[in-house]
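Chemist: What follows is a single structure, and I will ask about it in a moment.
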Amino acid sequence: MEIENTNIGSLDNPVYLKNKHQNSKLSKEYMSRGEVYVHRPLLQRCTKHNNGDEFAFDKAPEGYEQYTSNVISNPNLQPLDIKIALALFEMLDWRNSDEGKVYICTTKELDLESYGDYGQEINFSDGYEREIVEMPLTEQLAKLFNISISTDVLNKVLTRLDSFHYISVTPVSMANSKLGKSTSESKKIKAYLKLIEINDMMDSKNLTNIWVKN
């Protein structure tokens with residue numbers, strides 16, 4: 001089939017969606033090498049083990065609208081981590097929309113027309129499109145919540161929150177696209193756009209008494 005649009009996130013070149021929860025395929029691959037696959041390192045390091053030597057969400061107590069409590073009760077989060085985690089939850093309106101958004105996470109001037117099919121939405125491997133928010137995430141945080149933060153610091157916070165499982169961050173880059181993974185383009189490069197999603201289990205499970213100080 002002829003490829004019509006090679007843009008990152010186009011219909012012909014969708015971005016591979018990051019697994020929100022434990023990746024059983026990767027777990028088996030690591031196990032075959034005698035290694036252990038840790039999907040969210042900080043979550044594993046900072047929770048009480050309830051499944052042998054690791055923490056498992058399916059064994060955690062059930063909860064209802066627990067996201068905020070699970071953020072505030074974590075003794076390993078810095079004040080800025082907490083602010084960003086709660087701000088993203090409000091911005092994504094997850095309980096009503098049940099989907100993430102693609103945010104600009106760079107100070108560079110981007111040509112959004114070089115992303116997706118029309119420069120407005122990104123296609124992902126699950127067959128769905130997600131909206132590109134045209135205002136950089138740092139500017140949105142400043143405008144909506146009076147949070148002043150540099151792009152470098154923001155990206156570090158996003159990585160931490162992903163590692164704690166509060167959010168799932170999928171890089172929108174050629175290296176993480178259908179065409180990129182099958183060519184020499186698969187080398188690691190920075191992702192200036194990132195899909196950010198709320199991890200639903202952080203809202204439906206109660207971790208307030210499971211955190212341990214690392």
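By order of appearance in the structure tokens: chains A, B, ..., then residues from 1 within every chain, and ligands from 1 in the order shown.
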Per residue of stretch 22-125 of chain A within 12 Å of stretch 197-213 of chain A, note the shortest atom pair and the distance in Å to one decimal, counting only C-alpha atoms, and order the rows by chain and increasing residue number, as a Markdown table.
Modeler:
| residue | atom | partner | partner_atom | distance |
| --- | --- | --- | --- | --- |
| A:Gln22 | CA | A:Asn199 | CA | 11.7 |
| A:Arg40 | CA | A:Asn199 | CA | 11.8 |
| A:Leu42 | CA | A:Trp211 | CA | 10.7 |
| A:Leu43 | CA | A:Trp211 | CA | 8.7 |
| A:Gln44 | CA | A:Trp211 | CA | 9.7 |
| A:Arg45 | CA | A:Val212 | CA | 8.3 |
| A:Cys46 | CA | A:Val212 | CA | 5.1 |
| A:Thr47 | CA | A:Trp211 | CA | 4.5 |
| A:Lys48 | CA | A:Ile210 | CA | 5.4 |
| A:His49 | CA | A:Ile210 | CA | 8.5 |
| A:Asn50 | CA | A:Ile210 | CA | 9.3 |
| A:Phe55 | CA | A:Ile210 | CA | 9.4 |
| A:Ala56 | CA | A:Met201 | CA | 10.8 |
| A:Phe57 | CA | A:Met201 | CA | 7.2 |
| A:Asp58 | CA | A:Lys205 | CA | 8.5 |
| A:Lys59 | CA | A:Lys205 | CA | 9.2 |
| A:Ala60 | CA | A:Lys205 | CA | 6.3 |
| A:Pro61 | CA | A:Asn206 | CA | 5.5 |
| A:Glu62 | CA | A:Lys205 | CA | 4.6 |
| A:Gly63 | CA | A:Lys205 | CA | 4.5 |
| A:Tyr64 | CA | A:Ser204 | CA | 5.2 |
| A:Glu65 | CA | A:Asp203 | CA | 5.0 |
| A:Gln66 | CA | A:Asp203 | CA | 4.5 |
| A:Tyr67 | CA | A:Asp203 | CA | 4.3 |
| A:Thr68 | CA | A:Asp203 | CA | 8.0 |
| A:Ser69 | CA | A:Thr208 | CA | 6.6 |
| A:Asn70 | CA | A:Thr208 | CA | 5.5 |
| A:Val71 | CA | A:Thr208 | CA | 8.5 |
| A:Ile72 | CA | A:Thr208 | CA | 8.4 |
| A:Ser73 | CA | A:Thr208 | CA | 5.4 |
| A:Asn74 | CA | A:Trp211 | CA | 5.9 |
| A:Pro75 | CA | A:Lys213 | CA | 5.9 |
| A:Asn76 | CA | A:Lys213 | CA | 6.1 |
| A:Leu77 | CA | A:Lys213 | CA | 9.8 |
| A:Ala85 | CA | A:Ile198 | CA | 9.3 |
| A:Leu86 | CA | A:Ile198 | CA | 10.5 |
| A:Ala87 | CA | A:Ile198 | CA | 11.4 |
| A:Leu88 | CA | A:Ile198 | CA | 8.1 |
| A:Phe89 | CA | A:Ile198 | CA | 6.9 |
| A:Glu90 | CA | A:Ile198 | CA | 10.3 |
| A:Met91 | CA | A:Ile198 | CA | 10.5 |
| A:Leu92 | CA | A:Glu197 | CA | 7.6 |
| A:Asp93 | CA | A:Ile198 | CA | 9.3 |
| A:Trp94 | CA | A:Ile198 | CA | 6.7 |
| A:Arg95 | CA | A:Asp200 | CA | 8.9 |
| A:Asn96 | CA | A:Ile198 | CA | 11.9 |
| A:Ser97 | CA | A:Glu197 | CA | 10.7 |
| A:Asp98 | CA | A:Ile198 | CA | 8.4 |
| A:Glu99 | CA | A:Glu197 | CA | 6.4 |
| A:Gly100 | CA | A:Glu197 | CA | 4.2 |
| A:Lys101 | CA | A:Glu197 | CA | 6.9 |
| A:Val102 | CA | A:Glu197 | CA | 9.0 |
| A:Tyr103 | CA | A:Glu197 | CA | 10.6 |
Chemist: Could you pull out all residues of stretch 69-188 of chain A with a DSSP call of strand (DSSP E) and give them as a PDB file with C-alpha atoms, in the first residue's frame?
Modeler:
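Written file, states_15.pdb:
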ATOM      1  CA  LYS A 101      -4.315  15.328  24.967  1.00  0.00           C
ATOM      2  CA  VAL A 102      -1.130  16.056  23.055  1.00  0.00           C
ATOM      3  CA  TYR A 103       0.834  18.894  24.621  1.00  0.00           C
ATOM      4  CA  ILE A 104       3.734  20.973  23.329  1.00  0.00           C
ATOM      5  CA  GLU A 121      -4.788  15.820  15.883  1.00  0.00           C
ATOM      6  CA  ILE A 122      -2.382  12.900  16.239  1.00  0.00           C
ATOM      7  CA  ASN A 123      -3.277   9.340  15.226  1.00  0.00           C
ATOM      8  CA  GLU A 129      -6.954  10.522  17.434  1.00  0.00           C
ATOM      9  CA  ARG A 130      -5.988  12.924  20.197  1.00  0.00           C
ATOM     10  CA  GLU A 131      -6.172  16.692  20.015  1.00  0.00           C
ATOM     11  CA  ILE A 132      -3.014  18.823  19.874  1.00  0.00           C
ATOM     12  CA  VAL A 133      -3.205  21.677  22.366  1.00  0.00           C
ATOM     13  CA  ILE A 167       0.002   9.772  34.270  1.00  0.00           C
ATOM     14  CA  SER A 168       1.064   7.979  31.120  1.00  0.00           C
ATOM     15  CA  VAL A 169       3.357   9.954  28.803  1.00  0.00           C
ATOM     16  CA  THR A 170       3.685   8.820  25.191  1.00  0.00           C
ATOM     17  CA  PRO A 171       6.374  10.616  23.136  1.00  0.00           C
ATOM     18  CA  VAL A 172       5.165  11.851  19.751  1.00  0.00           C
TER      19      VAL A 172
END
Chemist: With only C-alpha atoms as the basis for distance, which of A:Tyr128, A:Gly52, A:Ile84, A:Lys108 is at the shortest distance from A:Thr159?
Modeler: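 Among the listed residues, A:Ile84 lies closest to A:Thr159.
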Chemist: Neighbouring residues of A:Pro14 were defined as those with any atom within 9 Å, considering only C-alpha atoms; residues of the same chain fewer than 4 positions away were excluded. Please report them as a list of chain:residue names.
Modeler: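 These residues fall inside the cut-off: A:Asn7, A:Ile8, A:Gly9, A:Ser10, A:Gly116, A:Ile122, A:Asn123, A:Phe124, A:Ser125, A:Asp126, A:Gly127, A:Asn176, A:Ser177, A:Lys178, A:Leu179.
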Chemist: Could you save the residues just selected, with N, CA, C and O atoms, as an mmCIF file, in the first residue's frame?
Modeler:
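Everything below was put into selection_33.cif:
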data_model
loop_
_atom_site.group_PDB
_atom_site.id
_atom_site.type_symbol
_atom_site.label_atom_id
_atom_site.label_comp_id
_atom_site.auth_asym_id
_atom_site.auth_seq_id
_atom_site.Cartn_x
_atom_site.Cartn_y
_atom_site.Cartn_z
ATOM 1 N N ASN A 7 3.973 12.126 7.802
ATOM 2 C CA ASN A 7 4.029 12.938 9.024
ATOM 3 C C ASN A 7 3.915 12.060 10.266
ATOM 4 O O ASN A 7 3.176 11.071 10.276
ATOM 5 N N ILE A 8 4.619 12.456 11.318
ATOM 6 C CA ILE A 8 4.473 11.776 12.603
ATOM 7 C C ILE A 8 3.029 11.917 13.075
ATOM 8 O O ILE A 8 2.522 13.030 13.181
ATOM 9 N N GLY A 9 2.371 10.791 13.323
ATOM 10 C CA GLY A 9 1.007 10.848 13.815
ATOM 11 C C GLY A 9 -0.053 10.971 12.745
ATOM 12 O O GLY A 9 -1.221 11.205 13.053
ATOM 13 N N SER A 10 0.334 10.804 11.481
ATOM 14 C CA SER A 10 -0.667 10.780 10.413
ATOM 15 C C SER A 10 -1.374 9.430 10.422
ATOM 16 O O SER A 10 -0.958 8.493 11.114
ATOM 17 N N GLY A 116 0.640 14.823 12.212
ATOM 18 C CA GLY A 116 -0.710 14.367 11.906
ATOM 19 C C GLY A 116 -1.087 14.618 10.461
ATOM 20 O O GLY A 116 -0.226 14.833 9.596
ATOM 21 N N ILE A 122 -3.380 13.941 16.448
ATOM 22 C CA ILE A 122 -2.382 12.900 16.239
ATOM 23 C C ILE A 122 -3.069 11.542 16.254
ATOM 24 O O ILE A 122 -3.881 11.256 17.133
ATOM 25 N N ASN A 123 -2.756 10.707 15.271
ATOM 26 C CA ASN A 123 -3.277 9.340 15.226
ATOM 27 C C ASN A 123 -2.368 8.417 16.037
ATOM 28 O O ASN A 123 -1.141 8.503 15.938
ATOM 29 N N PHE A 124 -2.987 7.522 16.815
ATOM 30 C CA PHE A 124 -2.229 6.590 17.638
ATOM 31 C C PHE A 124 -2.542 5.146 17.259
ATOM 32 O O PHE A 124 -3.500 4.874 16.523
ATOM 33 N N SER A 125 -1.730 4.246 17.773
ATOM 34 C CA SER A 125 -1.810 2.840 17.380
ATOM 35 C C SER A 125 -3.094 2.156 17.828
ATOM 36 O O SER A 125 -3.407 1.066 17.359
ATOM 37 N N ASP A 126 -3.860 2.784 18.734
ATOM 38 C CA ASP A 126 -5.129 2.189 19.150
ATOM 39 C C ASP A 126 -6.273 2.567 18.213
ATOM 40 O O ASP A 126 -7.425 2.200 18.440
ATOM 41 N N GLY A 127 -5.942 3.327 17.142
ATOM 42 C CA GLY A 127 -6.949 3.698 16.163
ATOM 43 C C GLY A 127 -7.676 4.996 16.468
ATOM 44 O O GLY A 127 -8.553 5.412 15.710
ATOM 45 N N ASN A 176 9.083 6.801 17.645
ATOM 46 C CA ASN A 176 7.992 6.059 18.284
ATOM 47 C C ASN A 176 6.787 5.917 17.354
ATOM 48 O O ASN A 176 5.673 5.698 17.804
ATOM 49 N N SER A 177 7.031 6.013 16.046
ATOM 50 C CA SER A 177 5.951 5.908 15.068
ATOM 51 C C SER A 177 6.089 4.622 14.259
ATOM 52 O O SER A 177 7.135 3.956 14.285
ATOM 53 N N LYS A 178 5.054 4.286 13.532
ATOM 54 C CA LYS A 178 5.028 3.056 12.736
ATOM 55 C C LYS A 178 6.173 3.002 11.734
ATOM 56 O O LYS A 178 6.893 2.003 11.640
ATOM 57 N N LEU A 179 6.382 4.082 10.998
ATOM 58 C CA LEU A 179 7.446 4.110 10.002
ATOM 59 C C LEU A 179 8.820 4.205 10.647
ATOM 60 O O LEU A 179 9.778 3.598 10.183
#
Chemist: Smallest atom-to-atom distance to A:Asp111: which of A:Tyr192, A:Asn146, A:Leu158, A:Glu54, using only C-alpha atoms?
Modeler: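 Under the stated criterion, the closest residue is A:Tyr192.
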Chemist: Quick one: pull the distance between atom CA of A:Glu139 and atom CA of A:Asn19, Å, one decimal.
Modeler: 27.7 Å
Chemist: Please, what distance in Å, to one decimal, runs between atom CA of A:Tyr115 and atom CA of A:Ser148?
Modeler: 27.5 Å
Chemist: Taking the DSSP secondary structure from the backbone, can you list the residues of chain A that are alpha helix (DSSP H), as a ChimeraX atom specification?
Modeler: /A:24-32,41-45,67-72,79-92,94-97,137-145,151-163,201-204
Chemist: So which one's closest to A:Leu112, A:Glu4, A:His39, A:Leu193, A:Lys20? Using only C-alpha atoms, please.
Modeler: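 Going through A:Glu4, A:His39, A:Leu193, A:Lys20 one by one, the smallest distance to A:Leu112 is for A:Leu193.
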Chemist: Determine the nearest neighbour of A:Ala191 from the options A:Gly119, A:Leu161, A:Cys105, A:Ser114, counting only C-alpha atoms.
Modeler: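 Among the listed residues, A:Cys105 lies closest to A:Ala191.
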Chemist: Please, what distance in Å, to one decimal, runs between atom CA of A:Met135 and atom CA of A:Thr151?
Modeler: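 Straight-line distance from atom CA of A:Met135 to atom CA of A:Thr151 works out to 13.0 Å.
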Chemist: Env of A:Thr107: 10 Å cut, atoms = only C-alpha atoms, seq-sep filter 5 positions within chain, self excluded. Answer as a JSON list (two decimals) with N, CA, C and O atoms, in the first residue's frame.
Modeler:
[["chain", "number", "residue", "atom", "x", "y", "z"],
["A", 136, "PRO", "N", 1.75, 25.96, 24.41],
["A", 136, "PRO", "CA", 2.71, 25.13, 25.15],
["A", 136, "PRO", "C", 2.24, 24.85, 26.57],
["A", 136, "PRO", "O", 1.60, 25.71, 27.21],
["A", 137, "LEU", "N", 2.56, 23.68, 27.08],
["A", 137, "LEU", "CA", 2.08, 23.27, 28.39],
["A", 137, "LEU", "C", 2.55, 24.21, 29.50],
["A", 137, "LEU", "O", 1.80, 24.49, 30.44],
["A", 138, "THR", "N", 3.77, 24.71, 29.40],
["A", 138, "THR", "CA", 4.26, 25.64, 30.43],
["A", 138, "THR", "C", 3.39, 26.89, 30.48],
["A", 138, "THR", "O", 3.09, 27.41, 31.56],
["A", 150, "SER", "N", 9.97, 26.04, 34.07],
["A", 150, "SER", "CA", 10.69, 25.96, 32.80],
["A", 150, "SER", "C", 10.35, 24.65, 32.09],
["A", 150, "SER", "O", 9.87, 23.69, 32.73],
["A", 151, "THR", "N", 10.58, 24.60, 30.80],
["A", 151, "THR", "CA", 10.29, 23.38, 30.05],
["A", 151, "THR", "C", 11.14, 22.22, 30.53],
["A", 151, "THR", "O", 10.64, 21.09, 30.63],
["A", 152, "ASP", "N", 12.41, 22.46, 30.82],
["A", 152, "ASP", "CA", 13.29, 21.38, 31.28],
["A", 152, "ASP", "C", 12.78, 20.78, 32.58],
["A", 152, "ASP", "O", 12.74, 19.55, 32.73],
["A", 192, "TYR", "N", 9.06, 16.60, 21.09],
["A", 192, "TYR", "CA", 8.59, 17.94, 21.43],
["A", 192, "TYR", "C", 7.10, 17.96, 21.74],
["A", 192, "TYR", "O", 6.60, 18.88, 22.38]]
